[in-house]
>>> print(open('final_3.csv').read())   # CSV, C-alpha atoms
chain,number,residue,atom,x,y,z
T,787,MET,CA,0.0,0.0,0.0
T,788,GLN,CA,2.9,2.4,0.8
T,789,ARG,CA,4.4,1.9,-2.7
T,790,ARG,CA,1.0,2.8,-4.3
T,791,ARG,CA,0.8,6.0,-2.2
T,792,HIS,CA,4.2,7.1,-3.4
T,793,HIS,CA,3.2,6.4,-7.0
T,794,LEU,CA,-0.1,8.3,-6.5
T,795,LEU,CA,1.6,11.3,-5.0
T,796,LEU,CA,3.7,11.6,-8.2
T,797,ILE,CA,0.5,11.2,-10.2
T,798,ALA,CA,-1.2,14.0,-8.2
T,799,THR,CA,1.7,16.4,-8.8
T,800,ALA,CA,1.7,15.6,-12.5
T,801,LEU,CA,-2.0,15.9,-13.0
T,802,ALA,CA,-2.7,19.0,-11.1
T,803,ALA,CA,0.2,20.7,-12.9
T,804,THR,CA,-1.6,19.7,-16.1
T,805,THR,CA,1.2,17.6,-17.6
T,806,PRO,CA,0.2,15.7,-20.7
T,807,ALA,CA,0.2,12.1,-19.4
T,808,LEU,CA,-0.6,10.0,-16.3
T,809,ARG,CA,1.3,6.7,-16.3
T,810,ALA,CA,0.0,3.7,-14.3
T,811,HIS,CA,2.2,0.6,-14.0
T,812,GLY,CA,2.9,-2.4,-11.8
T,813,ASP,CA,4.3,-2.1,-8.4
T,814,ALA,CA,7.4,0.0,-9.2
T,815,THR,CA,8.2,2.6,-6.5
T,816,HIS,CA,9.4,6.1,-7.1
T,817,PRO,CA,11.1,8.5,-4.7
T,818,ARG,CA,8.8,11.3,-3.4
T,819,ARG,CA,10.3,14.7,-4.1
T,820,ALA,CA,9.1,18.2,-4.7
T,821,PRO,CA,9.3,19.6,-8.2
T,822,LYS,CA,12.4,21.7,-8.8
T,823,GLN,CA,11.5,25.3,-9.3
T,824,GLU,CA,13.9,26.2,-12.1
T,825,GLN,CA,13.0,28.4,-15.0
T,826,LYS,CA,13.5,26.8,-18.4
T,827,ASP,CA,12.9,28.2,-21.9
T,828,TRP,CA,9.7,26.2,-22.1
T,829,GLY,CA,8.3,27.1,-18.6
T,830,ILE,CA,8.6,26.2,-14.9
T,831,ALA,CA,7.4,23.3,-12.8
T,832,GLY,CA,3.9,24.0,-11.5
T,833,ASP,CA,2.7,23.7,-7.9
T,834,ALA,CA,0.2,20.9,-7.5
T,835,ARG,CA,-1.8,23.2,-5.2
T,836,ASP,CA,-2.0,25.9,-7.9
T,837,VAL,CA,-5.2,25.0,-9.8
T,838,ARG,CA,-7.3,28.2,-9.6
T,839,LEU,CA,-11.0,29.0,-9.9
T,840,ASN,CA,-12.3,28.9,-13.5
T,841,ASP,CA,-9.1,27.1,-14.8
T,842,THR,CA,-9.9,24.5,-17.4
T,843,VAL,CA,-7.5,21.6,-17.2
T,844,ARG,CA,-7.0,18.7,-19.6
T,845,PHE,CA,-6.2,15.5,-17.8
T,846,VAL,CA,-4.8,12.7,-20.0
T,847,ALA,CA,-4.4,9.3,-18.4
T,848,HIS,CA,-2.2,6.7,-20.1
T,849,ASN,CA,-2.5,3.2,-18.6
T,850,THR,CA,0.7,1.3,-19.3
T,851,GLY,CA,-0.4,-1.4,-16.8
T,852,ARG,CA,-2.2,-4.7,-17.2
T,853,VAL,CA,-5.5,-4.0,-15.6
T,854,MET,CA,-8.3,-1.5,-16.2
T,855,HIS,CA,-8.1,1.8,-14.3
T,856,GLU,CA,-10.4,4.9,-14.0
T,857,PHE,CA,-9.6,8.5,-13.5
T,858,VAL,CA,-12.5,10.2,-11.7
T,859,ILE,CA,-12.7,13.7,-10.3
T,860,GLY,CA,-15.1,14.4,-7.5
T,861,THR,CA,-15.5,15.2,-3.8
T,862,LYS,CA,-14.3,12.8,-1.2
T,863,PRO,CA,-17.8,11.8,-0.1
T,864,GLU,CA,-18.9,11.2,-3.7
T,865,ASN,CA,-15.8,9.2,-4.5
T,866,GLU,CA,-16.2,7.1,-1.3
T,867,LYS,CA,-19.8,6.3,-2.2
T,868,HIS,CA,-19.0,5.4,-5.8
T,869,ALA,CA,-16.0,3.3,-4.7
T,870,ALA,CA,-18.2,1.3,-2.3
T,871,LEU,CA,-20.7,0.7,-5.2
T,872,MET,CA,-17.9,-0.5,-7.4
T,873,VAL,CA,-16.9,-3.1,-4.8
T,874,ARG,CA,-20.5,-4.3,-4.7
T,875,PHE,CA,-21.1,-4.1,-8.5
T,876,PRO,CA,-17.6,-4.4,-10.1
T,877,ASP,CA,-19.1,-4.7,-13.6
T,878,MET,CA,-21.3,-1.6,-13.3
T,879,GLU,CA,-21.2,0.5,-16.4
T,880,HIS,CA,-21.2,4.2,-16.1
T,881,GLU,CA,-20.1,7.2,-18.2
T,882,GLU,CA,-19.9,10.8,-16.9
T,883,PRO,CA,-17.9,13.8,-18.1
T,884,TYR,CA,-15.8,13.7,-14.9
T,885,MET,CA,-14.5,10.2,-15.4
T,886,ALA,CA,-12.3,8.4,-17.9
T,887,HIS,CA,-12.1,4.6,-18.2
T,888,VAL,CA,-8.6,3.6,-19.2
T,889,PRO,CA,-8.1,0.0,-20.4
T,890,PRO,CA,-4.5,-1.4,-20.4
T,891,GLY,CA,-2.4,0.2,-23.1
T,892,GLN,CA,-5.0,2.9,-23.8
T,893,ARG,CA,-5.5,6.6,-22.9
T,894,GLY,CA,-8.4,8.4,-21.4
T,895,GLU,CA,-9.1,12.1,-21.2
T,896,ILE,CA,-11.1,14.6,-19.1
T,897,VAL,CA,-11.4,18.3,-19.8
T,898,TRP,CA,-12.7,20.0,-16.7
T,899,THR,CA,-13.3,23.6,-15.6
T,900,PHE,CA,-12.9,24.1,-11.9
T,901,ASN,CA,-15.6,26.7,-11.3
T,902,ARG,CA,-15.8,26.2,-7.5
T,903,PRO,CA,-13.0,26.6,-5.0
T,904,GLY,CA,-12.2,23.7,-2.7
T,905,THR,CA,-10.3,20.5,-2.3
T,906,PHE,CA,-11.4,17.7,-4.6
T,907,GLU,CA,-10.2,14.2,-5.3
T,908,PHE,CA,-9.1,12.3,-8.3
T,909,ALA,CA,-9.1,8.6,-7.9
T,910,CYS,CA,-9.3,5.2,-9.6
T,911,LEU,CA,-12.7,3.7,-8.5
T,912,ILE,CA,-12.2,0.2,-9.9
T,913,ALA,CA,-13.1,-2.2,-7.2
T,914,GLY,CA,-10.4,-2.2,-4.6
T,915,HIS,CA,-8.2,0.4,-6.2
T,916,TYR,CA,-9.5,3.4,-4.2
T,917,GLN,CA,-9.3,1.3,-1.0
T,918,ALA,CA,-5.7,0.5,-1.8
T,919,GLY,CA,-4.8,4.2,-2.0
T,920,MET,CA,-5.2,5.2,-5.6
T,921,VAL,CA,-6.4,8.6,-4.8
T,922,GLY,CA,-5.0,12.2,-4.7
T,923,THR,CA,-6.2,15.7,-4.2
T,924,ILE,CA,-6.7,18.8,-6.3
T,925,THR,CA,-7.0,22.1,-4.5
T,926,VAL,CA,-8.7,25.0,-6.3
T,927,ARG,CA,-8.2,28.5,-5.0
T,928,THR,CA,-9.9,31.7,-5.8
T,929,SER,CA,-6.6,33.6,-6.4
>>> encode(input="final_3.csv", output="structure tokens")
Amino acid sequence: MQRRRHHLLLIATALAATTPALRAHGDATHPRRAPKQEQKDWGIAGDARDVRLNDTVRFVAHNTGRVMHEFVIGTKPENEKHAALMVRFPDMEHEEPYMAHVPPGQRGEIVWTFNRPGTFEFACLIAGHYQAGMVGTITVRTS
């Protein structure tokens, strides 16, 4: 479980900073470190806490693993409720604009405008994945 948390923290940083891809794979571990704040010709590393009100973000999830994953944006209570339903009904079919289903070797995408401030979650709600720690946060500020 600790290995997945480390992996998820890197995913959270990558996604909230609107990088082009989310990579999910096996049980590999990665060191946790803050992004280096160094100006380059093409930009600077973003702060994962820097998604602001009315920003539109394109999340692209690329599943390089061997099992299905989801990328779902929501509130903690909504994600917990949905994750519990997925455990009870693992073959439940659903499609909403705030979720991307990502089969192995495929990509999924969500384009989302954060028009309310707050702390939100992104998570994989496939049965057992949320419970194993595949969840992170997105903080939206007004300024």
>>> closest_residue(input="final_3.csv", among="T:Ile912, T:Thr928, T:Thr850, T:Met920", to="Asp877 in chain T", atoms="only C-alpha atoms")
T:Ile912
>>> residues_near_point(input="final_3.csv", point="(-11.4, 14.7, -22.1)", cutoff="9 Å", atoms="all atoms listed in the file", output="ChimeraX atom specification")
/T:844-846,883-886,894-898
>>> residues_near_point(input="final_3.csv", point="(-6.9, -5.0, -14.0)", cutoff="10 Å", atoms="all atoms listed in the file", output="PyMOL selection string")
chain T and resi 851-855+889-890+912-913+915
>>> residues_around(input="final_3.csv", residues="Glu866 in chain T", least_positions_apart="3", cutoff="12 Å", atoms="only C-alpha atoms", output="count of residues only")
25
>>> atom_distance(input="final_3.csv", atom1="CA of Glu856 in chain T", atom2="CA of Arg927 in chain T")
25.4 Å
>>> residues_around(input="final_3.csv", residues="Val926 in chain T", least_positions_apart="2", cutoff="8 Å", atoms="all atoms listed in the file", output="PyMOL selection string")
chain T and resi 835-839+900+902-906+924+928
>>> atom_distance(input="final_3.csv", atom1="CA of Glu882 in chain T", atom2="CA of Phe857 in chain T")
11.1 Å
>>> atom_distance(input="final_3.csv", atom1="CA of Asp841 in chain T", atom2="CA of Thr923 in chain T")
15.8 Å
